[in-house]
There are 2 protein chains.
Amino acid sequence: MVRSFTDETLEMVASRFKVLAEPTRLRILDALREGPRTVSGLVEELDTGQANVSKHLAVLRRHHLVTRRKEGVRSYYSIAEPAVFDLCDLVCDSLERELDARRAALRGD
Amino acid sequence: MVRSFTDETLEMVASRFKVLAEPTRLRILDALREGPRTVSGLVEELDTGQANVSKHLAVLRRHHLVTRRKEGVRSYYSIAEPAVFDLCDLVCDSLERELDARRAALRGD
DNA sequence: TCATTATATTACTGTATGGTAATTTAGTGA
DNA sequence: TCACTAAATTACCATACAGTAATATAATGA
């Protein structure tokens, strides 16, 4: 028997996927893997503007994927939900399988 | 040691997430869980127009998440990559954990 | 108080895309 | 050939949003 999701659940799931559907946000999360980072640290590490990084961090925080710790004039952001990396890993595996399959098909089964 | 993703990988991963970031597409995939469906079958099952369903199916097919089998005047679509449901399950688990945590916080730890 | 630095916010623009109506394409049976 | 049905495609509109420049807020030190 196959369990179905309710429409409401699918909306929430889609919303979570949407947050993760931006390369810049993924790059931020990836950078935070190695530990907390300030906004300016991330601005250096990625190459995009400060406003852009702040906005993406706000999105990630609103969706509870990162946390913020203020220290003086600085804000330190950290990963709040390490499970996002499991998601990325699953996607990577899936993409690899697809490429393998297409490669095999190219060779003629 | 924490393995990082390359920018190119993150672009591909983001692109996959983007495909999954639409409730209607998730509903289509969810409907296909129980077996192949025709376009008109999906139009009935979901409640949206035929053009919309066709367009979403084209997106899903372009990204190799579904396959199509033509039979006469009909097209039967099927799940090509069952791993998408693992993704959804992971997201659901994560969302539940977050809600639990916020509920606990509301009660005061 | 004033200047400086870090971050957040606002306003704006261009692009992407979801939904829909209209049209096209193609298979089928009379 | 013609009518009918299923699906795909096209054109259009409205909305969402990533990126950026400008501005605001706030902490700190002189």
# chains A, B, ... in the order shown; residues from 1 in each chain; ligands from 1

call {"tool": "calpha_fit_and_write", "arguments": {"fixed": "chain A", "moving": "chain B", "output": "PDB file with C-alpha atoms, in the first residue's frame"}}
result
ATOM      1  CA  MET B   1       0.009   0.033   0.008  1.00  0.00           C
ATOM      2  CA  VAL B   2       1.301   3.439  -0.930  1.00  0.00           C
ATOM      3  CA  ARG B   3       0.820   6.263   1.530  1.00  0.00           C
ATOM      4  CA  SER B   4      -0.188   9.551  -0.029  1.00  0.00           C
ATOM      5  CA  PHE B   5       0.565  13.027   1.205  1.00  0.00           C
ATOM      6  CA  THR B   6      -2.207  15.516   1.885  1.00  0.00           C
ATOM      7  CA  ASP B   7      -2.355  18.655  -0.226  1.00  0.00           C
ATOM      8  CA  GLU B   8      -1.427  20.727   2.785  1.00  0.00           C
ATOM      9  CA  THR B   9       1.643  18.605   3.407  1.00  0.00           C
ATOM     10  CA  LEU B  10       2.670  18.869  -0.210  1.00  0.00           C
ATOM     11  CA  GLU B  11       2.415  22.654   0.021  1.00  0.00           C
ATOM     12  CA  MET B  12       4.760  22.682   2.980  1.00  0.00           C
ATOM     13  CA  VAL B  13       7.155  20.288   1.315  1.00  0.00           C
ATOM     14  CA  ALA B  14       7.150  22.370  -1.863  1.00  0.00           C
ATOM     15  CA  SER B  15       7.832  25.446   0.208  1.00  0.00           C
ATOM     16  CA  ARG B  16      10.861  23.783   1.794  1.00  0.00           C
ATOM     17  CA  PHE B  17      12.133  22.693  -1.609  1.00  0.00           C
ATOM     18  CA  LYS B  18      11.703  26.234  -2.821  1.00  0.00           C
ATOM     19  CA  VAL B  19      14.008  27.550  -0.134  1.00  0.00           C
ATOM     20  CA  LEU B  20      16.622  25.050  -1.255  1.00  0.00           C
ATOM     21  CA  ALA B  21      16.116  25.768  -4.942  1.00  0.00           C
ATOM     22  CA  GLU B  22      18.577  28.673  -5.054  1.00  0.00           C
ATOM     23  CA  PRO B  23      22.271  28.059  -5.740  1.00  0.00           C
ATOM     24  CA  THR B  24      23.295  31.020  -3.603  1.00  0.00           C
ATOM     25  CA  ARG B  25      21.376  29.735  -0.601  1.00  0.00           C
ATOM     26  CA  LEU B  26      22.889  26.278  -1.072  1.00  0.00           C
ATOM     27  CA  ARG B  27      26.319  27.877  -1.219  1.00  0.00           C
ATOM     28  CA  ILE B  28      25.612  29.689   2.028  1.00  0.00           C
ATOM     29  CA  LEU B  29      24.517  26.461   3.707  1.00  0.00           C
ATOM     30  CA  ASP B  30      27.543  24.683   2.326  1.00  0.00           C
ATOM     31  CA  ALA B  31      29.831  27.370   3.716  1.00  0.00           C
ATOM     32  CA  LEU B  32      28.153  27.080   7.118  1.00  0.00           C
ATOM     33  CA  ARG B  33      28.965  23.381   7.151  1.00  0.00           C
ATOM     34  CA  GLU B  34      32.396  24.174   8.469  1.00  0.00           C
ATOM     35  CA  GLY B  35      31.096  26.325  11.280  1.00  0.00           C
ATOM     36  CA  PRO B  36      29.446  29.668  12.073  1.00  0.00           C
ATOM     37  CA  ARG B  37      30.052  32.555   9.715  1.00  0.00           C
ATOM     38  CA  THR B  38      29.407  36.279   9.820  1.00  0.00           C
ATOM     39  CA  VAL B  39      27.596  38.055   7.018  1.00  0.00           C
ATOM     40  CA  SER B  40      30.768  39.727   5.840  1.00  0.00           C
ATOM     41  CA  GLY B  41      32.583  36.408   6.068  1.00  0.00           C
ATOM     42  CA  LEU B  42      30.013  34.893   3.733  1.00  0.00           C
ATOM     43  CA  VAL B  43      30.163  37.902   1.419  1.00  0.00           C
ATOM     44  CA  GLU B  44      33.877  37.231   1.027  1.00  0.00           C
ATOM     45  CA  GLU B  45      33.498  33.491   0.674  1.00  0.00           C
ATOM     46  CA  LEU B  46      30.695  33.599  -1.881  1.00  0.00           C
ATOM     47  CA  ASP B  47      31.052  36.319  -4.388  1.00  0.00           C
ATOM     48  CA  THR B  48      27.936  38.424  -4.157  1.00  0.00           C
ATOM     49  CA  GLY B  49      26.826  41.600  -2.397  1.00  0.00           C
ATOM     50  CA  GLN B  50      26.150  42.091   1.295  1.00  0.00           C
ATOM     51  CA  ALA B  51      22.468  42.890   0.796  1.00  0.00           C
ATOM     52  CA  ASN B  52      22.025  39.708  -1.154  1.00  0.00           C
ATOM     53  CA  VAL B  53      23.645  37.561   1.504  1.00  0.00           C
ATOM     54  CA  SER B  54      21.610  39.228   4.236  1.00  0.00           C
ATOM     55  CA  LYS B  55      18.416  38.646   2.317  1.00  0.00           C
ATOM     56  CA  HIS B  56      19.151  34.986   1.708  1.00  0.00           C
ATOM     57  CA  LEU B  57      20.100  34.510   5.353  1.00  0.00           C
ATOM     58  CA  ALA B  58      16.793  36.066   6.350  1.00  0.00           C
ATOM     59  CA  VAL B  59      14.974  33.558   4.167  1.00  0.00           C
ATOM     60  CA  LEU B  60      16.947  30.643   5.591  1.00  0.00           C
ATOM     61  CA  ARG B  61      16.306  31.871   9.111  1.00  0.00           C
ATOM     62  CA  ARG B  62      12.603  32.428   8.523  1.00  0.00           C
ATOM     63  CA  HIS B  63      12.430  28.799   7.462  1.00  0.00           C
ATOM     64  CA  HIS B  64      14.455  27.646  10.462  1.00  0.00           C
ATOM     65  CA  LEU B  65      17.347  26.280   8.446  1.00  0.00           C
ATOM     66  CA  VAL B  66      19.907  28.535  10.105  1.00  0.00           C
ATOM     67  CA  THR B  67      20.194  30.283  13.467  1.00  0.00           C
ATOM     68  CA  ARG B  68      21.730  33.646  14.308  1.00  0.00           C
ATOM     69  CA  ARG B  69      23.840  34.635  17.294  1.00  0.00           C
ATOM     70  CA  LYS B  70      24.513  38.360  17.640  1.00  0.00           C
ATOM     71  CA  GLU B  71      27.845  39.358  19.067  1.00  0.00           C
ATOM     72  CA  GLY B  72      28.532  43.065  19.200  1.00  0.00           C
ATOM     73  CA  VAL B  73      28.094  44.487  15.779  1.00  0.00           C
ATOM     74  CA  ARG B  74      28.417  41.093  14.133  1.00  0.00           C
ATOM     75  CA  SER B  75      25.925  38.306  13.447  1.00  0.00           C
ATOM     76  CA  TYR B  76      27.078  34.719  13.444  1.00  0.00           C
ATOM     77  CA  TYR B  77      24.945  32.326  11.452  1.00  0.00           C
ATOM     78  CA  SER B  78      24.940  28.563  11.923  1.00  0.00           C
ATOM     79  CA  ILE B  79      23.222  25.508  10.490  1.00  0.00           C
ATOM     80  CA  ALA B  80      20.013  24.769  12.368  1.00  0.00           C
ATOM     81  CA  GLU B  81      18.973  21.706  10.409  1.00  0.00           C
ATOM     82  CA  PRO B  82      21.817  19.409   9.328  1.00  0.00           C
ATOM     83  CA  ALA B  83      19.269  17.214   7.527  1.00  0.00           C
ATOM     84  CA  VAL B  84      19.476  19.561   4.535  1.00  0.00           C
ATOM     85  CA  PHE B  85      22.775  17.933   3.690  1.00  0.00           C
ATOM     86  CA  ASP B  86      21.141  14.535   3.643  1.00  0.00           C
ATOM     87  CA  LEU B  87      18.712  15.997   1.120  1.00  0.00           C
ATOM     88  CA  CYS B  88      21.541  17.272  -1.033  1.00  0.00           C
ATOM     89  CA  ASP B  89      23.289  13.923  -0.805  1.00  0.00           C
ATOM     90  CA  LEU B  90      20.135  12.111  -1.903  1.00  0.00           C
ATOM     91  CA  VAL B  91      19.731  14.458  -4.854  1.00  0.00           C
ATOM     92  CA  CYS B  92      23.358  13.979  -5.815  1.00  0.00           C
ATOM     93  CA  ASP B  93      22.983  10.213  -5.703  1.00  0.00           C
ATOM     94  CA  SER B  94      19.866  10.433  -7.822  1.00  0.00           C
ATOM     95  CA  LEU B  95      21.549  12.692 -10.378  1.00  0.00           C
ATOM     96  CA  GLU B  96      24.492  10.332 -10.588  1.00  0.00           C
ATOM     97  CA  ARG B  97      22.215   7.366 -11.178  1.00  0.00           C
ATOM     98  CA  GLU B  98      20.475   9.264 -13.959  1.00  0.00           C
ATOM     99  CA  LEU B  99      23.722  10.195 -15.642  1.00  0.00           C
ATOM    100  CA  ASP B 100      24.934   6.612 -15.361  1.00  0.00           C
ATOM    101  CA  ALA B 101      21.708   5.379 -16.903  1.00  0.00           C
ATOM    102  CA  ARG B 102      21.923   7.841 -19.770  1.00  0.00           C
ATOM    103  CA  ARG B 103      25.556   6.990 -20.333  1.00  0.00           C
ATOM    104  CA  ALA B 104      24.663   3.294 -20.462  1.00  0.00           C
ATOM    105  CA  ALA B 105      21.829   4.039 -22.873  1.00  0.00           C
ATOM    106  CA  LEU B 106      24.238   5.949 -25.080  1.00  0.00           C
ATOM    107  CA  ARG B 107      26.484   2.906 -25.299  1.00  0.00           C
ATOM    108  CA  GLY B 108      23.428   0.914 -26.347  1.00  0.00           C
ATOM    109  CA  ASP B 109      22.253  -0.746 -23.131  1.00  0.00           C
TER     110      ASP B 109
END

call {"tool": "interface_residues", "arguments": {"of": "chain C", "to": "chain A", "cutoff": "10 Å", "atoms": "only C-alpha atoms (C1' of nucleotides)", "output": "list of chain:residue names"}}
result
C:DT5, C:DA6, C:DT7, C:DA8, C:DT9

call {"tool": "interface_residues", "arguments": {"of": "chain D", "to": "chain B", "cutoff": "10 Å", "atoms": "only C-alpha atoms (C1' of nucleotides)", "output": "list in words"}}
result
DT5, DA6, DA7, DA8 and DT9 of chain D

call {"tool": "write_last_selection", "arguments": {"atoms": "N, CA and C atoms (P, O5', C5', C4', C3', O3' and C1' of nucleotides)", "output": "mmCIF file, in the first residue's frame"}}
result
data_model
loop_
_atom_site.group_PDB
_atom_site.id
_atom_site.type_symbol
_atom_site.label_atom_id
_atom_site.label_comp_id
_atom_site.auth_asym_id
_atom_site.auth_seq_id
_atom_site.Cartn_x
_atom_site.Cartn_y
_atom_site.Cartn_z
ATOM 1 P P DT D 5 -16.096 13.909 -28.463
ATOM 2 O "O5'" DT D 5 -14.720 13.353 -27.879
ATOM 3 C "C5'" DT D 5 -14.363 11.975 -28.092
ATOM 4 C "C4'" DT D 5 -12.877 11.819 -27.877
ATOM 5 C "C3'" DT D 5 -12.363 12.597 -26.661
ATOM 6 O "O3'" DT D 5 -11.694 11.701 -25.792
ATOM 7 C "C1'" DT D 5 -11.017 13.026 -28.579
ATOM 8 P P DA D 6 -10.973 12.265 -24.493
ATOM 9 O "O5'" DA D 6 -9.456 12.291 -24.952
ATOM 10 C "C5'" DA D 6 -8.815 11.070 -25.320
ATOM 11 C "C4'" DA D 6 -7.327 11.298 -25.400
ATOM 12 C "C3'" DA D 6 -6.748 12.032 -24.188
ATOM 13 O "O3'" DA D 6 -5.519 11.406 -23.825
ATOM 14 C "C1'" DA D 6 -6.358 13.304 -26.162
ATOM 15 P P DA D 7 -4.661 11.987 -22.652
ATOM 16 O "O5'" DA D 7 -3.670 12.936 -23.441
ATOM 17 C "C5'" DA D 7 -2.850 12.356 -24.456
ATOM 18 C "C4'" DA D 7 -2.017 13.422 -25.122
ATOM 19 C "C3'" DA D 7 -1.168 14.267 -24.171
ATOM 20 O "O3'" DA D 7 0.181 14.078 -24.549
ATOM 21 C "C1'" DA D 7 -2.350 15.634 -25.724
ATOM 22 P P DA D 8 1.359 14.882 -23.863
ATOM 23 O "O5'" DA D 8 1.581 16.088 -24.892
ATOM 24 C "C5'" DA D 8 1.840 15.784 -26.248
ATOM 25 C "C4'" DA D 8 2.100 17.069 -27.016
ATOM 26 C "C3'" DA D 8 3.098 18.021 -26.366
ATOM 27 O "O3'" DA D 8 4.024 18.414 -27.368
ATOM 28 C "C1'" DA D 8 1.066 19.163 -26.824
ATOM 29 P P DT D 9 5.226 19.401 -27.051
ATOM 30 O "O5'" DT D 9 4.635 20.804 -27.546
ATOM 31 C "C5'" DT D 9 4.035 20.869 -28.827
ATOM 32 C "C4'" DT D 9 3.494 22.260 -29.056
ATOM 33 C "C3'" DT D 9 4.400 23.391 -28.562
ATOM 34 O "O3'" DT D 9 4.593 24.267 -29.658
ATOM 35 C "C1'" DT D 9 2.182 23.733 -27.834
#

call {"tool": "atom_distance", "arguments": {"atom1": "C1' of DT13 in chain C", "atom2": "C1' of DA11 in chain D"}}
result
23.8 Å

call {"tool": "atom_distance", "arguments": {"atom1": "C1' of DA21 in chain C", "atom2": "C1' of DT15 in chain D"}}
result
18.4 Å

call {"tool": "select_by_dssp", "arguments": {"residues": "chain B", "states": "helix (DSSP H, G or I)", "output": "mmCIF file with N, CA and C atoms, in the first residue's frame"}}
result
data_model
loop_
_atom_site.group_PDB
_atom_site.id
_atom_site.type_symbol
_atom_site.label_atom_id
_atom_site.label_comp_id
_atom_site.auth_asym_id
_atom_site.auth_seq_id
_atom_site.Cartn_x
_atom_site.Cartn_y
_atom_site.Cartn_z
ATOM 1 N N ASP B 7 30.505 24.338 -6.872
ATOM 2 C CA ASP B 7 29.456 25.248 -7.321
ATOM 3 C C ASP B 7 28.601 24.604 -8.405
ATOM 4 N N GLU B 8 29.244 23.891 -9.287
ATOM 5 C CA GLU B 8 28.499 23.269 -10.386
ATOM 6 C C GLU B 8 27.504 22.246 -9.840
ATOM 7 N N THR B 9 27.954 21.477 -8.875
ATOM 8 C CA THR B 9 27.057 20.497 -8.253
ATOM 9 C C THR B 9 25.885 21.192 -7.582
ATOM 10 N N LEU B 10 26.190 22.264 -6.872
ATOM 11 C CA LEU B 10 25.115 22.977 -6.182
ATOM 12 C C LEU B 10 24.105 23.543 -7.172
ATOM 13 N N GLU B 11 24.563 23.940 -8.343
ATOM 14 C CA GLU B 11 23.629 24.429 -9.364
ATOM 15 C C GLU B 11 22.682 23.320 -9.796
ATOM 16 N N MET B 12 23.246 22.143 -9.990
ATOM 17 C CA MET B 12 22.413 21.013 -10.415
ATOM 18 C C MET B 12 21.441 20.614 -9.325
ATOM 19 N N VAL B 13 21.932 20.616 -8.100
ATOM 20 C CA VAL B 13 21.067 20.250 -6.974
ATOM 21 C C VAL B 13 19.935 21.267 -6.834
ATOM 22 N N ALA B 14 20.287 22.549 -6.942
ATOM 23 C CA ALA B 14 19.265 23.593 -6.851
ATOM 24 C C ALA B 14 18.227 23.414 -7.949
ATOM 25 N N SER B 15 18.703 23.063 -9.127
ATOM 26 C CA SER B 15 17.800 22.874 -10.250
ATOM 27 C C SER B 15 16.812 21.732 -9.983
ATOM 28 N N ARG B 16 17.318 20.665 -9.379
ATOM 29 C CA ARG B 16 16.433 19.543 -9.026
ATOM 30 C C ARG B 16 15.412 19.962 -7.976
ATOM 31 N N PHE B 17 15.891 20.709 -6.972
ATOM 32 C CA PHE B 17 14.971 21.197 -5.942
ATOM 33 C C PHE B 17 13.901 22.090 -6.557
ATOM 34 N N LYS B 18 14.308 22.855 -7.550
ATOM 35 C CA LYS B 18 13.366 23.772 -8.175
ATOM 36 C C LYS B 18 12.216 23.020 -8.836
ATOM 37 N N VAL B 19 12.555 21.915 -9.468
ATOM 38 C CA VAL B 19 11.513 21.105 -10.102
ATOM 39 C C VAL B 19 10.512 20.618 -9.063
ATOM 40 N N PRO B 23 3.839 22.772 -5.775
ATOM 41 C CA PRO B 23 2.819 21.876 -5.223
ATOM 42 C C PRO B 23 2.140 21.039 -6.304
ATOM 43 N N THR B 24 1.834 21.650 -7.429
ATOM 44 C CA THR B 24 1.137 20.899 -8.479
ATOM 45 C C THR B 24 1.986 19.752 -8.995
ATOM 46 N N ARG B 25 3.282 20.008 -9.164
ATOM 47 C CA ARG B 25 4.147 18.912 -9.637
ATOM 48 C C ARG B 25 4.242 17.814 -8.587
ATOM 49 N N LEU B 26 4.307 18.201 -7.318
ATOM 50 C CA LEU B 26 4.355 17.193 -6.251
ATOM 51 C C LEU B 26 3.063 16.390 -6.240
ATOM 52 N N ARG B 27 1.951 17.074 -6.514
ATOM 53 C CA ARG B 27 0.674 16.349 -6.531
ATOM 54 C C ARG B 27 0.639 15.365 -7.689
ATOM 55 N N ILE B 28 1.204 15.763 -8.806
ATOM 56 C CA ILE B 28 1.281 14.844 -9.951
ATOM 57 C C ILE B 28 2.119 13.619 -9.575
ATOM 58 N N LEU B 29 3.290 13.860 -9.007
ATOM 59 C CA LEU B 29 4.152 12.738 -8.624
ATOM 60 C C LEU B 29 3.446 11.841 -7.617
ATOM 61 N N ASP B 30 2.763 12.475 -6.681
ATOM 62 C CA ASP B 30 2.060 11.703 -5.661
ATOM 63 C C ASP B 30 0.973 10.830 -6.290
ATOM 64 N N ALA B 31 0.293 11.393 -7.275
ATOM 65 C CA ALA B 31 -0.758 10.616 -7.954
ATOM 66 C C ALA B 31 -0.146 9.440 -8.705
ATOM 67 N N LEU B 32 1.031 9.661 -9.274
ATOM 68 C CA LEU B 32 1.689 8.599 -10.055
ATOM 69 C C LEU B 32 2.239 7.478 -9.177
ATOM 70 N N VAL B 39 -2.855 11.904 -19.070
ATOM 71 C CA VAL B 39 -2.980 13.335 -18.805
ATOM 72 C C VAL B 39 -4.388 13.654 -18.319
ATOM 73 N N SER B 40 -5.366 13.140 -19.029
ATOM 74 C CA SER B 40 -6.748 13.454 -18.638
ATOM 75 C C SER B 40 -7.081 12.840 -17.286
ATOM 76 N N GLY B 41 -6.497 11.689 -16.997
ATOM 77 C CA GLY B 41 -6.675 11.098 -15.671
ATOM 78 C C GLY B 41 -6.165 12.035 -14.597
ATOM 79 N N LEU B 42 -4.994 12.606 -14.827
ATOM 80 C CA LEU B 42 -4.412 13.531 -13.851
ATOM 81 C C LEU B 42 -5.231 14.810 -13.758
ATOM 82 N N VAL B 43 -5.744 15.271 -14.905
ATOM 83 C CA VAL B 43 -6.550 16.492 -14.899
ATOM 84 C C VAL B 43 -7.764 16.300 -13.998
ATOM 85 N N GLU B 44 -8.340 15.102 -14.059
ATOM 86 C CA GLU B 44 -9.478 14.799 -13.180
ATOM 87 C C GLU B 44 -9.041 14.757 -11.724
ATOM 88 N N GLU B 45 -7.950 14.039 -11.497
ATOM 89 C CA GLU B 45 -7.508 13.756 -10.132
ATOM 90 C C GLU B 45 -7.075 15.042 -9.409
ATOM 91 N N GLN B 50 -5.921 21.126 -18.437
ATOM 92 C CA GLN B 50 -5.144 20.139 -19.187
ATOM 93 C C GLN B 50 -3.802 20.711 -19.616
ATOM 94 N N ALA B 51 -3.791 21.958 -20.060
ATOM 95 C CA ALA B 51 -2.537 22.570 -20.505
ATOM 96 C C ALA B 51 -1.539 22.626 -19.358
ATOM 97 N N ASN B 52 -2.060 22.932 -18.197
ATOM 98 C CA ASN B 52 -1.193 23.041 -17.027
ATOM 99 C C ASN B 52 -0.566 21.689 -16.690
ATOM 100 N N VAL B 53 -1.382 20.661 -16.681
ATOM 101 C CA VAL B 53 -0.862 19.329 -16.386
ATOM 102 C C VAL B 53 0.162 18.917 -17.437
ATOM 103 N N SER B 54 -0.146 19.143 -18.684
ATOM 104 C CA SER B 54 0.799 18.790 -19.753
ATOM 105 C C SER B 54 2.125 19.519 -19.579
ATOM 106 N N LYS B 55 2.029 20.794 -19.233
ATOM 107 C CA LYS B 55 3.264 21.561 -19.064
ATOM 108 C C LYS B 55 4.105 21.030 -17.907
ATOM 109 N N HIS B 56 3.450 20.747 -16.798
ATOM 110 C CA HIS B 56 4.188 20.232 -15.645
ATOM 111 C C HIS B 56 4.787 18.859 -15.963
ATOM 112 N N LEU B 57 4.036 18.041 -16.678
ATOM 113 C CA LEU B 57 4.567 16.724 -17.047
ATOM 114 C C LEU B 57 5.794 16.873 -17.940
ATOM 115 N N ALA B 58 5.752 17.869 -18.814
ATOM 116 C CA ALA B 58 6.898 18.104 -19.696
ATOM 117 C C ALA B 58 8.127 18.469 -18.868
ATOM 118 N N VAL B 59 7.914 19.303 -17.858
ATOM 119 C CA VAL B 59 9.029 19.669 -16.980
ATOM 120 C C VAL B 59 9.570 18.432 -16.267
ATOM 121 N N LEU B 60 8.678 17.655 -15.696
ATOM 122 C CA LEU B 60 9.094 16.458 -14.954
ATOM 123 C C LEU B 60 9.832 15.481 -15.868
ATOM 124 N N ARG B 61 9.364 15.407 -17.110
ATOM 125 C CA ARG B 61 9.990 14.473 -18.047
ATOM 126 C C ARG B 61 11.362 14.992 -18.492
ATOM 127 N N ARG B 62 11.430 16.288 -18.720
ATOM 128 C CA ARG B 62 12.704 16.887 -19.130
ATOM 129 C C ARG B 62 13.764 16.649 -18.059
ATOM 130 N N ALA B 83 13.160 7.818 -5.905
ATOM 131 C CA ALA B 83 13.898 8.469 -4.826
ATOM 132 C C ALA B 83 13.268 9.808 -4.440
ATOM 133 N N VAL B 84 12.468 10.398 -5.319
ATOM 134 C CA VAL B 84 11.843 11.672 -4.962
ATOM 135 C C VAL B 84 10.985 11.526 -3.712
ATOM 136 N N PHE B 85 10.440 10.337 -3.514
ATOM 137 C CA PHE B 85 9.592 10.148 -2.343
ATOM 138 C C PHE B 85 10.424 10.070 -1.065
ATOM 139 N N ASP B 86 11.631 9.549 -1.206
ATOM 140 C CA ASP B 86 12.544 9.585 -0.064
ATOM 141 C C ASP B 86 12.835 11.031 0.310
ATOM 142 N N LEU B 87 13.020 11.877 -0.715
ATOM 143 C CA LEU B 87 13.251 13.294 -0.452
ATOM 144 C C LEU B 87 12.083 13.892 0.319
ATOM 145 N N CYS B 88 10.892 13.643 -0.180
ATOM 146 C CA CYS B 88 9.700 14.182 0.480
ATOM 147 C C CYS B 88 9.600 13.686 1.915
ATOM 148 N N ASP B 89 9.894 12.402 2.101
ATOM 149 C CA ASP B 89 9.844 11.846 3.454
ATOM 150 C C ASP B 89 10.838 12.554 4.370
ATOM 151 N N LEU B 90 12.053 12.761 3.863
ATOM 152 C CA LEU B 90 13.064 13.457 4.668
ATOM 153 C C LEU B 90 12.589 14.856 5.042
ATOM 154 N N VAL B 91 12.021 15.563 4.076
ATOM 155 C CA VAL B 91 11.535 16.913 4.349
ATOM 156 C C VAL B 91 10.430 16.871 5.391
ATOM 157 N N CYS B 92 9.526 15.913 5.235
ATOM 158 C CA CYS B 92 8.441 15.787 6.212
ATOM 159 C C CYS B 92 8.991 15.550 7.608
ATOM 160 N N ASP B 93 9.937 14.636 7.724
ATOM 161 C CA ASP B 93 10.542 14.366 9.023
ATOM 162 C C ASP B 93 11.130 15.643 9.606
ATOM 163 N N SER B 94 11.861 16.359 8.766
ATOM 164 C CA SER B 94 12.516 17.578 9.210
ATOM 165 C C SER B 94 11.485 18.607 9.677
ATOM 166 N N LEU B 95 10.410 18.756 8.916
ATOM 167 C CA LEU B 95 9.369 19.714 9.289
ATOM 168 C C LEU B 95 8.721 19.315 10.609
ATOM 169 N N GLU B 96 8.517 18.027 10.780
ATOM 170 C CA GLU B 96 7.927 17.561 12.039
ATOM 171 C C GLU B 96 8.840 17.883 13.214
ATOM 172 N N ARG B 97 10.120 17.603 13.035
ATOM 173 C CA ARG B 97 11.077 17.901 14.111
ATOM 174 C C ARG B 97 11.026 19.376 14.466
ATOM 175 N N GLU B 98 10.967 20.232 13.439
ATOM 176 C CA GLU B 98 10.931 21.666 13.703
ATOM 177 C C GLU B 98 9.688 22.063 14.477
ATOM 178 N N LEU B 99 8.557 21.514 14.063
ATOM 179 C CA LEU B 99 7.312 21.852 14.754
ATOM 180 C C LEU B 99 7.357 21.362 16.194
ATOM 181 N N ASP B 100 7.893 20.154 16.385
ATOM 182 C CA ASP B 100 8.031 19.630 17.743
ATOM 183 C C ASP B 100 8.882 20.570 18.586
ATOM 184 N N ALA B 101 10.001 20.999 17.997
ATOM 185 C CA ALA B 101 10.925 21.857 18.727
ATOM 186 C C ALA B 101 10.251 23.171 19.098
ATOM 187 N N ARG B 102 9.494 23.729 18.148
ATOM 188 C CA ARG B 102 8.842 25.004 18.434
ATOM 189 C C ARG B 102 7.731 24.829 19.455
ATOM 190 N N ARG B 103 7.069 23.691 19.387
ATOM 191 C CA ARG B 103 6.022 23.412 20.371
ATOM 192 C C ARG B 103 6.629 23.307 21.761
ATOM 193 N N ALA B 104 7.773 22.595 21.843
ATOM 194 C CA ALA B 104 8.464 22.450 23.124
ATOM 195 C C ALA B 104 8.900 23.815 23.643
ATOM 196 N N ALA B 105 9.412 24.644 22.743
ATOM 197 C CA ALA B 105 9.876 25.971 23.133
ATOM 198 C C ALA B 105 8.714 26.806 23.668
ATOM 199 N N LEU B 106 7.564 26.611 23.082
ATOM 200 C CA LEU B 106 6.371 27.353 23.485
ATOM 201 C C LEU B 106 5.986 27.000 24.913
ATOM 202 N N ARG B 107 6.144 25.717 25.238
ATOM 203 C CA ARG B 107 5.833 25.259 26.596
ATOM 204 C C ARG B 107 6.901 25.714 27.589
#

call {"tool": "residues_around", "arguments": {"residues": "DC12 in chain C", "least_positions_apart": "5", "cutoff": "12 Å", "atoms": "only C-alpha atoms (C1' of nucleotides)", "output": "JSON list (two decimals) with C-alpha atoms (C1' of nucleotides), in the first residue's frame"}}
result
[["chain", "number", "residue", "atom", "x", "y", "z"],
["D", 19, "DG", "C1'", 20.40, 40.77, -7.47],
["D", 20, "DT", "C1'", 21.81, 45.50, -6.53],
["D", 21, "DA", "C1'", 22.04, 50.33, -5.01],
["D", 22, "DA", "C1'", 20.72, 53.24, -1.56]]

call {"tool": "select_by_dssp", "arguments": {"residues": "range 28-86 of chain B", "states": "strand (DSSP E)", "output": "list in words"}}
result
Arg37, Thr38, Val66, Thr67, Arg68, Arg69, Lys70, Glu71, Arg74, Ser75, Tyr76, Tyr77, Ser78 and Ile79 of chain B

call {"tool": "atom_distance", "arguments": {"atom1": "C1' of DT20 in chain C", "atom2": "C1' of DA3 in chain D"}}
result
25.9 Å
